[in-house]
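What's in start-v2.txt: compact mmCIF, C-alpha atoms
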# COMPACT_ATOMS: atom_id res chain seq x y z
CA MET A 5 0.00 0.00 0.00
CA ASN A 6 1.47 3.34 -1.09
CA PHE A 7 0.90 6.35 1.15
CA GLU A 8 2.74 8.78 -1.11
CA LEU A 9 1.03 11.12 -3.55
CA THR A 10 1.61 10.39 -7.22
CA GLU A 11 3.85 12.69 -9.25
CA GLU A 12 0.77 14.13 -10.92
CA GLN A 13 -0.83 14.85 -7.53
CA LYS A 14 2.36 16.47 -6.29
CA GLN A 15 2.47 18.70 -9.37
CA PHE A 16 -1.17 19.63 -8.81
CA ARG A 17 -0.44 20.45 -5.15
CA ASP A 18 2.53 22.61 -6.11
CA SER A 19 0.47 24.41 -8.73
CA VAL A 20 -2.27 25.16 -6.19
CA ARG A 21 0.31 26.34 -3.68
CA GLY A 22 1.82 28.72 -6.22
CA PHE A 23 -1.62 30.09 -7.05
CA ALA A 24 -2.44 30.57 -3.37
CA GLU A 25 0.84 32.33 -2.64
CA ARG A 26 0.36 34.70 -5.58
CA HIS A 27 -3.29 35.54 -5.08
CA LEU A 28 -4.47 34.59 -1.59
CA ARG A 29 -1.76 35.23 0.99
CA LYS A 30 -2.25 38.98 0.78
CA GLY A 31 -5.52 39.82 2.51
CA ALA A 32 -5.94 36.43 4.21
CA LEU A 33 -6.49 38.02 7.62
CA GLU A 34 -9.06 40.53 6.40
CA ARG A 35 -10.82 37.89 4.31
CA ALA A 36 -11.45 35.72 7.35
CA ARG A 37 -12.99 38.62 9.28
CA ASN A 38 -15.46 39.43 6.50
CA PRO A 39 -18.81 37.58 6.91
CA GLY A 40 -19.55 37.87 3.20
CA TYR A 41 -18.63 35.35 0.53
CA PRO A 42 -15.22 36.01 -1.14
CA TRP A 43 -16.51 36.36 -4.70
CA ASP A 44 -13.15 37.66 -5.91
CA VAL A 45 -11.51 34.45 -4.74
CA ALA A 46 -14.23 32.31 -6.33
CA LYS A 47 -13.66 33.92 -9.72
CA LEU A 48 -9.90 33.49 -9.43
CA MET A 49 -10.35 29.83 -8.52
CA ALA A 50 -12.70 29.32 -11.45
CA GLY A 51 -9.98 30.58 -13.77
CA GLN A 52 -7.49 28.25 -12.13
CA GLY A 53 -9.77 25.21 -12.51
CA LEU A 54 -10.30 24.79 -8.76
CA LEU A 55 -14.10 24.82 -8.98
CA GLY A 56 -15.64 21.63 -10.30
CA ILE A 57 -12.50 19.56 -9.75
CA THR A 58 -14.64 16.49 -9.05
CA LEU A 59 -17.23 17.13 -11.78
CA SER A 60 -17.05 15.49 -15.18
CA GLU A 61 -15.65 17.42 -18.11
CA LYS A 62 -18.94 17.16 -20.00
CA ASP A 63 -20.57 19.07 -17.13
CA GLY A 64 -17.90 21.77 -17.25
CA GLY A 65 -15.71 20.31 -14.50
CA GLN A 66 -12.14 19.05 -14.44
CA GLY A 67 -12.87 15.32 -14.27
CA GLY A 68 -10.66 14.93 -11.20
CA THR A 69 -11.04 12.91 -8.01
CA LEU A 70 -12.22 13.65 -4.50
CA LEU A 71 -8.63 13.27 -3.36
CA ASP A 72 -7.64 16.03 -5.80
CA ALA A 73 -10.26 18.29 -4.19
CA VAL A 74 -9.01 17.36 -0.71
CA ILE A 75 -5.46 18.24 -1.76
CA ALA A 76 -6.73 21.60 -3.03
CA ILE A 77 -8.48 22.32 0.28
CA GLU A 78 -5.40 21.37 2.30
CA THR A 79 -3.05 23.43 0.16
CA VAL A 80 -5.20 26.57 -0.04
CA ALA A 81 -5.87 26.45 3.72
CA GLN A 82 -2.16 26.62 4.50
CA VAL A 83 -2.05 30.06 2.89
CA CYS A 84 -5.59 31.43 3.37
CA PRO A 85 -7.88 29.37 5.63
CA ARG A 86 -11.03 31.27 4.62
CA SER A 87 -10.47 30.56 0.92
CA ALA A 88 -10.63 26.81 1.59
CA ASP A 89 -14.38 27.33 2.02
CA VAL A 90 -14.60 28.33 -1.64
CA VAL A 91 -12.96 25.05 -2.68
CA GLN A 92 -15.53 23.24 -0.54
CA ALA A 93 -18.49 25.09 -2.06
CA GLY A 94 -17.26 24.50 -5.61
CA ASN A 95 -16.56 20.77 -5.28
CA PHE A 96 -18.53 19.10 -2.51
CA GLY A 97 -22.12 18.90 -1.31
CA ALA A 98 -24.92 20.50 -3.26
CA ILE A 99 -22.95 21.16 -6.43
CA ARG A 100 -21.99 17.47 -6.67
CA VAL A 101 -25.58 16.35 -6.03
CA LEU A 102 -26.71 18.65 -8.84
CA ALA A 103 -24.03 17.32 -11.19
CA GLU A 104 -24.68 13.70 -10.20
CA TYR A 105 -28.47 13.59 -10.17
CA GLY A 106 -29.64 16.76 -11.91
CA THR A 107 -31.10 16.76 -15.40
CA GLU A 108 -29.19 18.14 -18.36
CA ASP A 109 -31.54 21.12 -18.33
CA GLN A 110 -30.82 21.83 -14.65
CA LYS A 111 -27.09 21.62 -15.25
CA GLN A 112 -27.30 23.97 -18.20
CA ARG A 113 -29.27 26.52 -16.20
CA TYR A 114 -27.23 26.45 -12.99
CA LEU A 115 -23.86 24.71 -13.23
CA LYS A 116 -22.20 27.13 -15.65
CA ARG A 117 -22.76 30.08 -13.31
CA LEU A 118 -21.66 28.10 -10.26
CA LEU A 119 -18.46 26.90 -11.93
CA SER A 120 -17.62 30.43 -13.11
CA GLY A 121 -17.44 31.61 -9.49
CA GLU A 122 -20.32 34.03 -10.05
CA GLY A 123 -22.84 32.05 -8.02
CA VAL A 124 -23.09 29.55 -5.20
CA ILE A 125 -25.56 26.80 -4.31
CA CYS A 126 -26.50 25.84 -0.74
CA VAL A 127 -28.05 22.77 0.90
CA SER A 128 -31.28 23.86 2.56
CA MET A 129 -31.84 20.98 4.95
CA THR A 130 -32.00 21.85 8.66
CA GLU A 131 -35.29 22.96 10.22
CA PRO A 132 -36.22 24.14 13.73
CA GLU A 133 -37.37 20.61 14.64
CA ALA A 134 -35.15 18.66 12.27
CA GLY A 135 -31.42 18.96 12.91
CA SER A 136 -29.61 15.71 13.61
CA ALA A 137 -32.99 14.03 13.13
CA VAL A 138 -33.17 15.31 9.56
CA THR A 139 -35.84 12.76 8.60
CA GLU A 140 -38.24 14.71 10.85
CA LEU A 141 -38.27 17.56 8.32
CA LYS A 142 -41.70 19.07 7.68
CA THR A 143 -41.15 21.27 4.62
CA ALA A 144 -43.83 19.94 2.31
CA ALA A 145 -44.06 19.76 -1.48
CA THR A 146 -47.77 19.72 -2.42
CA PRO A 147 -48.73 18.92 -6.02
CA ASP A 148 -49.92 21.89 -8.06
CA GLY A 149 -50.55 20.97 -11.66
CA ALA A 150 -47.34 19.56 -13.11
CA GLY A 151 -45.27 21.21 -10.35
CA TYR A 152 -45.38 21.66 -6.59
CA ARG A 153 -46.00 24.27 -3.91
CA VAL A 154 -43.36 24.18 -1.19
CA SER A 155 -43.96 25.52 2.31
CA GLY A 156 -41.71 25.29 5.34
CA GLU A 157 -38.89 26.85 7.33
CA LYS A 158 -35.13 26.30 7.05
CA VAL A 159 -32.39 27.41 9.47
CA PHE A 160 -28.59 27.32 9.89
CA THR A 161 -28.02 27.04 6.13
CA THR A 162 -24.48 27.89 5.05
CA HIS A 163 -24.45 30.44 2.18
CA ALA A 164 -28.20 31.10 2.58
CA PRO A 165 -27.87 34.93 2.70
CA TYR A 166 -26.34 35.12 -0.79
CA ALA A 167 -26.85 31.77 -2.56
CA ASP A 168 -28.30 31.91 -6.06
CA VAL A 169 -30.17 28.65 -5.64
CA MET A 170 -31.01 26.33 -2.77
CA LEU A 171 -30.99 22.54 -3.03
CA THR A 172 -33.97 22.17 -0.72
CA TYR A 173 -34.89 18.98 1.11
CA VAL A 174 -38.67 18.55 0.96
CA ARG A 175 -41.27 16.00 1.91
CA PHE A 176 -43.34 14.65 -0.99
CA GLY A 177 -44.98 12.06 1.23
CA PRO A 178 -44.71 10.30 4.63
CA GLY A 179 -41.67 8.49 5.95
CA VAL A 180 -38.06 8.47 4.82
CA ASP A 181 -39.07 7.36 1.32
CA GLY A 182 -41.19 10.48 0.98
CA ILE A 183 -38.17 12.81 1.14
CA GLY A 184 -36.60 14.30 -1.97
CA SER A 185 -35.10 17.58 -3.13
CA VAL A 186 -35.92 20.52 -5.37
CA LEU A 187 -34.12 23.61 -6.65
CA ILE A 188 -35.48 26.91 -5.34
CA GLU A 189 -34.00 30.25 -6.35
CA ARG A 190 -33.48 32.58 -3.40
CA THR A 191 -35.33 35.40 -5.18
CA ALA A 192 -38.36 33.27 -6.11
CA PRO A 193 -41.83 34.55 -5.10
CA GLY A 194 -42.75 33.21 -1.66
CA VAL A 195 -39.16 33.01 -0.39
CA LYS A 196 -38.55 35.26 2.60
CA GLN A 197 -35.42 35.53 4.73
CA GLY A 198 -35.05 36.95 8.21
CA LYS A 199 -32.50 39.26 9.75
CA PRO A 200 -28.93 37.89 9.58
CA SER A 201 -27.52 36.31 12.73
CA ARG A 202 -23.87 35.46 13.35
CA PHE A 203 -22.22 32.20 14.18
CA LEU A 204 -19.25 32.12 16.56
CA ASN A 205 -16.89 32.10 13.57
CA GLY A 206 -18.33 35.38 12.26
CA GLU A 207 -20.27 33.92 9.33
CA GLU A 208 -23.90 34.92 8.96
CA TRP A 209 -27.00 32.77 8.61
CA VAL A 210 -30.66 33.61 8.09
CA THR A 211 -33.96 31.86 8.64
CA THR A 212 -35.58 31.10 5.30
CA TRP A 213 -39.36 30.84 5.09
CA LEU A 214 -40.98 29.16 2.10
CA ASP A 215 -44.61 30.20 1.63
CA LYS A 216 -46.27 28.18 -1.13
CA VAL A 217 -43.25 28.65 -3.39
CA TYR A 218 -44.02 27.25 -6.82
CA VAL A 219 -41.48 24.70 -8.03
CA PRO A 220 -41.91 23.74 -11.68
CA PRO A 221 -41.38 20.08 -12.60
CA GLU A 222 -38.07 20.93 -14.28
CA ASN A 223 -36.68 21.99 -10.88
CA VAL A 224 -37.27 18.67 -9.14
CA VAL A 225 -33.90 16.96 -8.57
CA LEU A 226 -34.84 13.84 -6.60
CA LYS A 227 -38.39 12.66 -6.07
CA GLN A 228 -39.72 10.23 -3.47
CA GLY A 229 -37.13 7.63 -2.58
CA GLY A 230 -34.22 9.95 -3.26
CA PHE A 231 -33.16 10.42 0.35
CA LYS A 232 -30.39 7.78 0.27
CA LYS A 233 -28.86 9.43 -2.80
CA GLN A 234 -28.97 12.80 -1.07
CA ILE A 235 -27.28 11.39 2.03
CA ALA A 236 -24.61 9.79 -0.18
CA GLY A 237 -23.91 13.29 -1.49
CA PHE A 238 -23.92 14.57 2.06
CA ASN A 239 -21.34 11.96 3.05
CA VAL A 240 -19.11 13.31 0.30
CA GLU A 241 -19.66 16.84 1.62
CA ARG A 242 -18.47 15.59 5.00
CA ILE A 243 -15.14 14.68 3.44
CA GLY A 244 -14.65 18.34 2.52
CA ASN A 245 -15.69 19.38 6.02
CA THR A 246 -13.23 16.87 7.46
CA ALA A 247 -10.38 18.08 5.25
CA ARG A 248 -10.94 21.70 6.30
CA SER A 249 -10.98 20.79 10.00
CA LEU A 250 -7.65 19.07 9.73
CA ALA A 251 -6.19 21.70 7.39
CA LEU A 252 -6.99 24.53 9.80
CA GLY A 253 -5.46 22.50 12.60
CA ARG A 254 -2.34 22.12 10.47
CA TYR A 255 -2.30 25.84 9.74
CA CYS A 256 -2.32 26.60 13.48
CA TYR A 257 0.26 23.90 14.16
CA GLU A 258 2.63 25.44 11.62
CA THR A 259 1.99 28.97 12.90
CA ALA A 260 2.75 27.86 16.47
CA ARG A 261 5.80 25.87 15.33
CA LEU A 262 7.36 28.93 13.71
CA TRP A 263 6.51 30.95 16.81
CA ALA A 264 8.22 28.39 19.05
CA LEU A 265 11.36 28.61 16.91
CA GLN A 266 11.74 32.36 17.44
CA ARG A 267 9.97 33.31 20.68
CA LYS A 268 12.12 33.31 23.84
CA GLN A 269 11.14 33.09 27.51
CA PHE A 270 13.52 32.74 30.46
CA GLY A 271 16.36 33.16 27.99
CA ARG A 272 15.43 30.07 25.96
CA LEU A 273 13.49 29.42 22.77
CA LEU A 274 10.06 27.95 23.43
CA CYS A 275 10.93 24.88 21.35
CA GLU A 276 13.60 23.99 23.93
CA PHE A 277 11.05 23.38 26.70
CA GLN A 278 10.12 19.71 26.95
CA GLY A 279 6.52 20.51 27.88
CA LEU A 280 6.03 22.24 24.54
CA GLN A 281 7.97 19.57 22.66
CA TRP A 282 5.43 17.01 23.86
CA LYS A 283 2.57 19.25 22.77
CA PHE A 284 4.00 19.42 19.27
CA ALA A 285 4.62 15.67 19.21
CA ASP A 286 1.00 15.02 20.16
CA MET A 287 -0.22 17.44 17.50
CA LYS A 288 1.94 15.81 14.83
CA ILE A 289 0.63 12.34 15.72
CA LYS A 290 -2.97 13.58 15.43
CA LEU A 291 -2.32 15.34 12.13
CA ASP A 292 -0.72 12.27 10.57
CA ALA A 293 -3.48 9.95 11.81
CA GLY A 294 -6.18 12.31 10.60
CA GLN A 295 -4.52 12.65 7.21
CA LEU A 296 -4.66 8.90 6.66
CA LEU A 297 -8.34 8.76 7.65
CA VAL A 298 -9.30 11.60 5.30
CA TYR A 299 -7.38 10.10 2.40
CA ARG A 300 -8.90 6.65 3.00
CA ALA A 301 -12.42 8.07 2.95
CA ALA A 302 -11.75 10.13 -0.18
CA VAL A 303 -9.96 7.42 -2.16
CA ASN A 304 -12.57 4.76 -1.39
CA ALA A 305 -15.42 7.18 -2.20
CA ASP A 306 -13.77 7.73 -5.59
CA ARG A 307 -13.98 3.98 -6.20
CA GLY A 308 -17.72 3.84 -5.65
CA PHE A 309 -20.43 4.68 -3.13
CA PRO A 310 -18.95 6.68 -0.22
CA SER A 311 -18.62 4.60 2.94
CA ALA A 312 -20.79 6.07 5.68
CA GLU A 313 -18.56 4.35 8.26
CA GLU A 314 -15.23 5.56 6.88
CA THR A 315 -16.59 9.07 6.40
CA ALA A 316 -18.01 9.14 9.93
CA ILE A 317 -14.73 7.92 11.44
CA ALA A 318 -12.69 10.49 9.53
CA LYS A 319 -15.03 13.38 10.36
CA ALA A 320 -15.45 12.52 14.05
CA PHE A 321 -11.68 12.21 14.52
CA CYS A 322 -10.60 15.20 12.43
CA ASN A 323 -13.28 17.54 13.76
CA GLN A 324 -12.10 16.80 17.28
CA VAL A 325 -8.35 16.94 16.70
CA GLY A 326 -8.57 19.96 14.39
CA PHE A 327 -10.19 21.91 17.21
CA GLU A 328 -7.78 20.53 19.82
CA ILE A 329 -4.73 21.50 17.74
CA CYS A 330 -6.05 25.03 17.21
CA SER A 331 -6.57 25.29 20.96
CA GLU A 332 -3.08 24.00 21.75
CA ALA A 333 -1.53 26.38 19.21
CA MET A 334 -3.33 29.27 20.89
CA GLN A 335 -2.03 28.14 24.27
CA ILE A 336 1.54 27.89 22.98
CA MET A 337 1.40 31.36 21.44
CA GLY A 338 -0.09 32.88 24.59
CA GLY A 339 -1.47 36.38 24.23
CA MET A 340 -0.51 36.63 20.57
CA GLY A 341 -2.51 33.50 19.72
CA TYR A 342 -5.54 34.96 21.48
CA THR A 343 -5.46 38.24 19.56
CA GLU A 344 -7.03 38.97 16.18
CA ASP A 345 -3.59 39.82 14.80
CA THR A 346 -3.24 36.17 13.73
CA LEU A 347 -5.75 33.66 12.37
CA VAL A 348 -5.19 31.14 15.17
CA GLU A 349 -8.16 32.36 17.21
CA TRP A 350 -10.32 32.44 14.04
CA CYS A 351 -9.37 28.85 13.19
CA PHE A 352 -10.21 27.91 16.79
CA ARG A 353 -13.70 29.35 16.39
CA LYS A 354 -14.14 27.96 12.88
CA THR A 355 -13.21 24.37 13.75
CA ARG A 356 -15.54 24.38 16.75
CA GLY A 357 -18.51 24.76 14.43
CA TRP A 358 -17.62 21.67 12.40
CA MET A 359 -18.03 19.52 15.50
CA ILE A 360 -21.74 20.35 15.07
CA ALA A 361 -22.27 21.11 11.38
CA GLY A 362 -22.53 18.36 8.79
CA GLY A 363 -23.31 15.73 11.43
CA SER A 364 -22.39 16.24 15.06
CA ILE A 365 -19.67 14.11 16.60
CA GLU A 366 -22.26 12.32 18.72
CA ILE A 367 -24.41 11.39 15.71
CA LEU A 368 -21.31 10.20 13.85
CA LYS A 369 -20.40 7.95 16.78
CA ASN A 370 -23.91 6.49 16.64
CA ARG A 371 -23.32 5.62 12.97
CA ILE A 372 -19.94 4.09 13.79
CA ALA A 373 -21.46 1.98 16.56
CA GLU A 374 -24.05 0.64 14.12
CA SER A 375 -21.21 -0.58 11.92
CA VAL A 376 -19.47 -2.11 14.93
CA PHE A 377 -22.53 -4.12 15.97
CA GLU A 378 -23.95 -4.57 12.45
CA ARG A 379 -27.40 -3.36 13.47
CA THR A 380 -29.41 -0.16 13.54
CA PHE A 381 -30.07 1.61 16.83
CA SER A 382 -33.11 3.88 16.73
CA GLN A 383 -32.72 7.10 18.72
CA ARG A 384 -36.49 7.52 18.93
CA PRO A 385 -38.41 6.42 22.02
CA PRO A 386 -40.11 3.01 21.73
CA LYS A 387 -43.69 3.06 20.53
CA SER A 388 -46.20 2.42 23.28
CA GLU A 389 -47.81 -1.00 23.11
CA LYS A 390 -51.46 -1.05 22.27
CA SER A 391 -53.59 -2.40 25.06
Would you write the structure of this file as structure tokens?
Amino acid sequence: MNFELTEEQKQFRDSVRGFAERHLRKGALERARNPGYPWDVAKLMAGQGLLGITLSEKDGGQGGTLLDAVIAIETVAQVCPRSADVVQAGNFGAIRVLAEYGTEDQKQRYLKRLLSGEGVICVSMTEPEAGSAVTELKTAATPDGAGYRVSGEKVFTTHAPYADVMLTYVRFGPGVDGIGSVLIERTAPGVKQGKPSRFLNGEEWVTTWLDKVYVPPENVVLKQGGFKKQIAGFNVERIGNTARSLALGRYCYETARLWALQRKQFGRLLCEFQGLQWKFADMKIKLDAGQLLVYRAAVNADRGFPSAEETAIAKAFCNQVGFEICSEAMQIMGGMGYTEDTLVEWCFRKTRGWMIAGGSIEILKNRIAESVFERTFSQRPPKSEKS
């Protein structure tokens, strides 16, 4: 088994690094503090071929692999952590679901703009009463002629304040098999968004209300029975989430490492204190282990259906250690790590959110346990027996 990147992958990594150094290093600090989407970065990445890496060439993509996209996230994040989000949006999640399951008409209407960096698509999934228990969603698609009327409420949707189009999870009928997805443009009649609120990492989200929004038949992506396909796409999105968690941890590790090589206390460099040496050793072990888990999940997903177990293991581990490494880096750098003069504190806040978003660590451990015992464990209370 070969754990080294191929020569082609190394060349791709070096090309991405050169691009990032030329275009993204300057302004990285300011970019992270801005709650808006970095459209300038998206357009630059489109020109560099970093959007649609995993999409087929016939759909306007690069025909690359998930591992290629992971390499791009890792490399960009080492220079500009915020810009790694653009790689995520242009390669994982909703855009892949659209490319994989959308009709040719849907791709023609939406993909070109998304791949040009002029638009972004979001996954409109979570509801006030349907977070981890996503199958409890209530947003309903009621038949209206050849199309549907969609009504419901969505919350905590990344990119919702500025997305062109929302891949919206809806209920066509009862049960898990009744769940599918439709494309709803943010400016469509009946779509209303509330006042922006901020997450801990500074990004903004809005509540989105759907009031009898008409969805024509040509905007239906997956009908009844499409939930498993959607979740397969969501598992792929988790790989991007996982890669960013680890990449931001690595960014903070490297920032703290350089600090320890120049900062002196008590007349000695910080790197000469054994207590800090052990911290760095622990961080390096976690980074290497996480790297292998991410690569395993990505490579095996490229070979076929993404493994829910491998994806869950990688995300649960990397979400946790990414946050821990950011925290340790902040501790090592002391007051400087805690200030907004570096991106360590921002990475600390950013990685904390991924322990919740895209599947909380607790839910992921439930999925892993099901694989361990080869059975499903329902989290719902048992139904009362009829007398």
Please list as a list in words every residue within 7 Å of range 222-238 of chain A, counting all atoms listed in the file and excluding residues in the same chain fewer than 3 positions away.
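Near neighbours after the sequence-gap exclusion: Gly97, Arg100, Val101, Tyr105, Gly106, Gln110, Phe176, Val180, Asp181, Gly182, Ile183, Gly184, Ser185, Val186, Leu187, Val219, Glu241, Arg242 and Pro310 of chain A.
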Shortest contact to Val83 in chain A, candidates A:Lys47, A:Arg29, A:Arg254, A:Lys116, atoms counted all atoms listed in the file, goes to A:Arg29
For Val91 in chain A, the nearest of the candidates A:Thr211, A:Asn245, A:Ser128, A:Asn304, counting all atoms listed in the file
A:Asn245
Best match for closeness to Val240 in chain A among A:Gly326, A:Arg153, A:Ala301, A:Val124, counting all atoms listed in the file
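Selected residue with least distance to Val240 in chain A: A:Ala301.
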Straight-line distance linking CA of Asp286 in chain A with CA of Ser331 in chain A, stated in Å to one decimal
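Answer for the CA of Asp286 in chain A to CA of Ser331 in chain A separation: 12.8 Å.
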Name the residues in contact with Leu297 in chain A at a cut-off of 9 Å, using all atoms listed in the file, excluding same-chain residues fewer than 5 positions from it; report them as a ChimeraX atom specification.
/A:292,302,314-315,317-319,321-322
Can you list, as number ranges by chain, every protein, DNA or RNA residue that comes within 9 Å of Trp43 in chain A when you count only C-alpha atoms, leaving out same-chain residues fewer than 3 positions away?
A: 40, 46-48, 90, 121-123
With all atoms listed in the file as the atoms that count, which of A:Ile336, A:Leu119, A:Val159, A:Ala76 lies nearest to Gly135 in chain A?
A:Val159
By how many Å are CA of Lys196 in chain A and CA of Val217 in chain A apart?
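Between these atoms lies a distance of 10.1 Å.
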Do you know which residues are at most 10 Å from range 56-62 of chain A counting only C-alpha atoms, after dropping those on the same chain fewer than 6 positions away, and could you put them as a list of chain:residue names?
A:Met49, A:Ala50, A:Gly68, A:Thr69, A:Leu70, A:Leu71, A:Asp72, A:Ala73, A:Val74, A:Ala76, A:Val91, A:Gln92, A:Ala93, A:Gly94, A:Asn95, A:Phe96, A:Ile99, A:Arg100, A:Ala103, A:Glu104, A:Leu115, A:Leu118, A:Leu119, A:Ser120, A:Asp306
Please put the answer as AutoDock Vina command-line options: centre and edge lengths, in Å with one decimal, of a box along x, y and z that encloses all listed atoms of range 204-212 of chain A plus 3 Å on each side.
--center_x -26.2 --center_y 33.2 --center_z 10.9 --size_x 24.7 --size_y 10.3 --size_z 17.3
Given all atoms listed in the file as the counted atoms, nearest of A:Pro385, A:Gly177, A:Pro132, A:Pro42 to Pro147 in chain A
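Of A:Pro385, A:Gly177, A:Pro132, A:Pro42, the one nearest Pro147 in chain A is A:Gly177, counting all atoms listed in the file.
For the choices A:Glu313, A:Pro221, A:Leu214, A:Gln82, the atom-to-atom distance to Glu258 in chain A is smallest for A:Gln82 when using all atoms listed in the file.
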Atom pair CA of Ser155 in chain A / CA of Gly362 in chain A: separation (Å)
23.5 Å
Non-local contacts of range 198-200 of chain A (6 Å; all atoms listed in the file; under 2 positions in same chain excluded) as a compact mmCIF listing (two decimals) with C-alpha atoms, in the coordinates of the input:
# COMPACT_ATOMS: atom_id res chain seq x y z
CA GLU A 208 -23.90 34.92 8.96
CA TRP A 209 -27.00 32.77 8.61
CA VAL A 210 -30.66 33.61 8.09
CA THR A 211 -33.96 31.86 8.64
